[in-house]
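Heads up: the structure comes next, in structure tokens.
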Amino acid sequence: MSGVLINLIIQVISGAVGGNVAAGAAKSIDLGALGNTIAGAIGGGAGGQLLGMLIPLLANSGAAPDIGSIIGQVAGGGVAGAVLTAIVGALKNRAA
């Protein structure tokens, strides 16, 4: 597998986890387990890719990403997943 695909998988998984953690911490933004996972995964993938473009150190596209790149992908994906879940949850609550 290419490094770009590995990075994307890491970002999506950590985004899903970040979305569920954010919703668990603030019940007012909870979208349900599936909603939190989907919003987090989308946020993690998109946010992680954006961070990779802005911070070239995180965009290790070699065959085997190094540990620094992996930690950056996990952190970026998790935070981006949590942020998107919070935004979607707040918009959902505001509309209801």
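Chain identifiers are assigned as A, B, and so on, following the order in which chains appear in the structure tokens; residues are numbered from 1 within each chain, and ligands are numbered from 1 in order of appearance.
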
*Excluding same-chain residues fewer than 6 positions from Ala80 (chain A), what lies within 8 Å of it counting only C-alpha atoms, as an NGL selection string?*
:A and (15 or 18 or 40 or 43-44 or 46-48)

*Enumerate as a count of residues only all residues of chain A assigned to alpha helix (DSSP H) by DSSP on the backbone, naming them with the chain letters and numbers the document uses.*
74

*Could you tell me which of A:Ala86, A:Ile6, A:Ala96, A:Ala41 comes closest to Ala26 (chain A) if we count only C-alpha atoms?*
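Nearest to Ala26 (chain A): A:Ala86.
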
*For Ile29 (chain A), work out the shell of residues within 7 Å, counting only C-alpha atoms and skipping chain neighbours fewer than 5 positions away, then give it as JSON, numbers by chain.*
{"A": [23, 86, 89, 90]}

*Which residue out of A:Ile70, A:Ala82, A:Ile42, A:Leu50 has the minimum interatomic distance to Val17 (chain A) when only C-alpha atoms are used?*
A:Ala82

*Would you work out the distance separating CA of Met53 (chain A) from CA of Leu91 (chain A), expressed in Å to one decimal?*
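Those two atoms sit 27.7 Å apart.
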
Name all residues at most 12 Å from Gly72 (chain A) (count only C-alpha atoms; drop same-chain ones fewer than 2 positions away) and give them as a JSON list (two decimals) with N, CA and C atoms, in the first residue's frame.
[["chain", "number", "residue", "atom", "x", "y", "z"],
["A", 7, "ASN", "N", -1.86, 6.82, 5.28],
["A", 7, "ASN", "CA", -2.16, 8.06, 6.02],
["A", 7, "ASN", "C", -3.65, 8.33, 6.06],
["A", 8, "LEU", "N", -4.34, 8.13, 4.94],
["A", 8, "LEU", "CA", -5.78, 8.39, 4.89],
["A", 8, "LEU", "C", -6.54, 7.43, 5.80],
["A", 10, "ILE", "N", -5.39, 5.99, 8.51],
["A", 10, "ILE", "CA", -5.10, 6.42, 9.89],
["A", 10, "ILE", "C", -5.95, 7.63, 10.25],
["A", 11, "GLN", "N", -6.07, 8.58, 9.34],
["A", 11, "GLN", "CA", -6.85, 9.79, 9.60],
["A", 11, "GLN", "C", -8.33, 9.49, 9.78],
["A", 14, "SER", "N", -8.83, 7.60, 13.18],
["A", 14, "SER", "CA", -8.66, 8.49, 14.33],
["A", 14, "SER", "C", -9.74, 9.57, 14.35],
["A", 44, "GLY", "N", -12.06, 13.61, 10.01],
["A", 44, "GLY", "CA", -10.68, 13.14, 10.13],
["A", 44, "GLY", "C", -9.99, 13.02, 8.78],
["A", 47, "GLY", "N", -9.85, 16.76, 7.24],
["A", 47, "GLY", "CA", -8.95, 17.61, 8.04],
["A", 47, "GLY", "C", -7.52, 17.12, 7.99],
["A", 48, "GLY", "N", -7.35, 15.81, 8.02],
["A", 48, "GLY", "CA", -6.00, 15.26, 7.94],
["A", 48, "GLY", "C", -5.33, 15.56, 6.61],
["A", 49, "GLN", "N", -6.10, 15.48, 5.54],
["A", 49, "GLN", "CA", -5.55, 15.80, 4.23],
["A", 49, "GLN", "C", -5.19, 17.29, 4.14],
["A", 51, "LEU", "N", -4.38, 19.25, 6.68],
["A", 51, "LEU", "CA", -3.16, 19.44, 7.48],
["A", 51, "LEU", "C", -1.93, 18.95, 6.74],
["A", 52, "GLY", "N", -2.08, 17.85, 6.00],
["A", 52, "GLY", "CA", -0.96, 17.33, 5.23],
["A", 52, "GLY", "C", -0.49, 18.30, 4.16],
["A", 55, "ILE", "N", 1.13, 21.35, 6.37],
["A", 55, "ILE", "CA", 2.34, 20.99, 7.11],
["A", 55, "ILE", "C", 3.00, 19.81, 6.39],
["A", 56, "PRO", "N", 3.97, 20.07, 5.53],
["A", 56, "PRO", "CA", 4.56, 19.00, 4.72],
["A", 56, "PRO", "C", 5.18, 17.86, 5.53],
["A", 57, "LEU", "N", 5.59, 18.13, 6.76],
["A", 57, "LEU", "CA", 6.15, 17.08, 7.61],
["A", 57, "LEU", "C", 5.14, 15.96, 7.86],
["A", 58, "LEU", "N", 3.85, 16.33, 7.93],
["A", 58, "LEU", "CA", 2.80, 15.34, 8.18],
["A", 58, "LEU", "C", 2.42, 14.57, 6.92],
["A", 59, "ALA", "N", 2.79, 15.07, 5.77],
["A", 59, "ALA", "CA", 2.39, 14.45, 4.51],
["A", 59, "ALA", "C", 3.44, 13.48, 3.99],
["A", 60, "ASN", "N", 3.94, 12.64, 4.85],
["A", 60, "ASN", "CA", 4.93, 11.64, 4.44],
["A", 60, "ASN", "C", 4.27, 10.68, 3.47],
["A", 65, "PRO", "N", 5.34, 5.17, 6.28],
["A", 65, "PRO", "CA", 5.40, 6.40, 7.08],
["A", 65, "PRO", "C", 6.19, 6.19, 8.37],
["A", 66, "ASP", "N", 6.90, 7.22, 8.81],
["A", 66, "ASP", "CA", 7.66, 7.11, 10.06],
["A", 66, "ASP", "C", 6.74, 7.41, 11.25],
["A", 67, "ILE", "N", 7.24, 7.21, 12.45],
["A", 67, "ILE", "CA", 6.43, 7.33, 13.66],
["A", 67, "ILE", "C", 5.95, 8.77, 13.88],
["A", 68, "GLY", "N", 6.77, 9.73, 13.53],
["A", 68, "GLY", "CA", 6.36, 11.13, 13.67],
["A", 68, "GLY", "C", 5.18, 11.47, 12.77],
["A", 69, "SER", "N", 5.21, 10.95, 11.56],
["A", 69, "SER", "CA", 4.12, 11.17, 10.63],
["A", 69, "SER", "C", 2.85, 10.49, 11.12],
["A", 70, "ILE", "N", 2.97, 9.29, 11.64],
["A", 70, "ILE", "CA", 1.81, 8.55, 12.14],
["A", 70, "ILE", "C", 1.18, 9.29, 13.32],
["A", 74, "VAL", "N", -2.63, 10.80, 13.41],
["A", 74, "VAL", "CA", -3.59, 10.45, 14.46],
["A", 74, "VAL", "C", -4.10, 11.72, 15.16],
["A", 75, "ALA", "N", -3.20, 12.61, 15.51],
["A", 75, "ALA", "CA", -3.60, 13.84, 16.20],
["A", 75, "ALA", "C", -4.46, 14.72, 15.29],
["A", 76, "GLY", "N", -4.01, 14.93, 14.07],
["A", 76, "GLY", "CA", -4.77, 15.77, 13.15],
["A", 76, "GLY", "C", -6.13, 15.20, 12.81],
["A", 77, "GLY", "N", -6.18, 13.90, 12.53],
["A", 77, "GLY", "CA", -7.45, 13.26, 12.22],
["A", 77, "GLY", "C", -8.40, 13.27, 13.40],
["A", 78, "GLY", "N", -7.88, 13.00, 14.59],
["A", 78, "GLY", "CA", -8.73, 12.98, 15.78],
["A", 78, "GLY", "C", -9.33, 14.34, 16.09],
["A", 79, "VAL", "N", -8.51, 15.36, 16.02],
["A", 79, "VAL", "CA", -8.99, 16.72, 16.31],
["A", 79, "VAL", "C", -9.98, 17.17, 15.24],
["A", 80, "ALA", "N", -9.67, 16.91, 13.98],
["A", 80, "ALA", "CA", -10.58, 17.32, 12.91],
["A", 80, "ALA", "C", -11.90, 16.57, 12.99]]

_So the first atom is CA of Ala33 (chain A) and the second is CA of Lys92 (chain A); what is the distance between them in Å, to one decimal place?_
14.8 Å
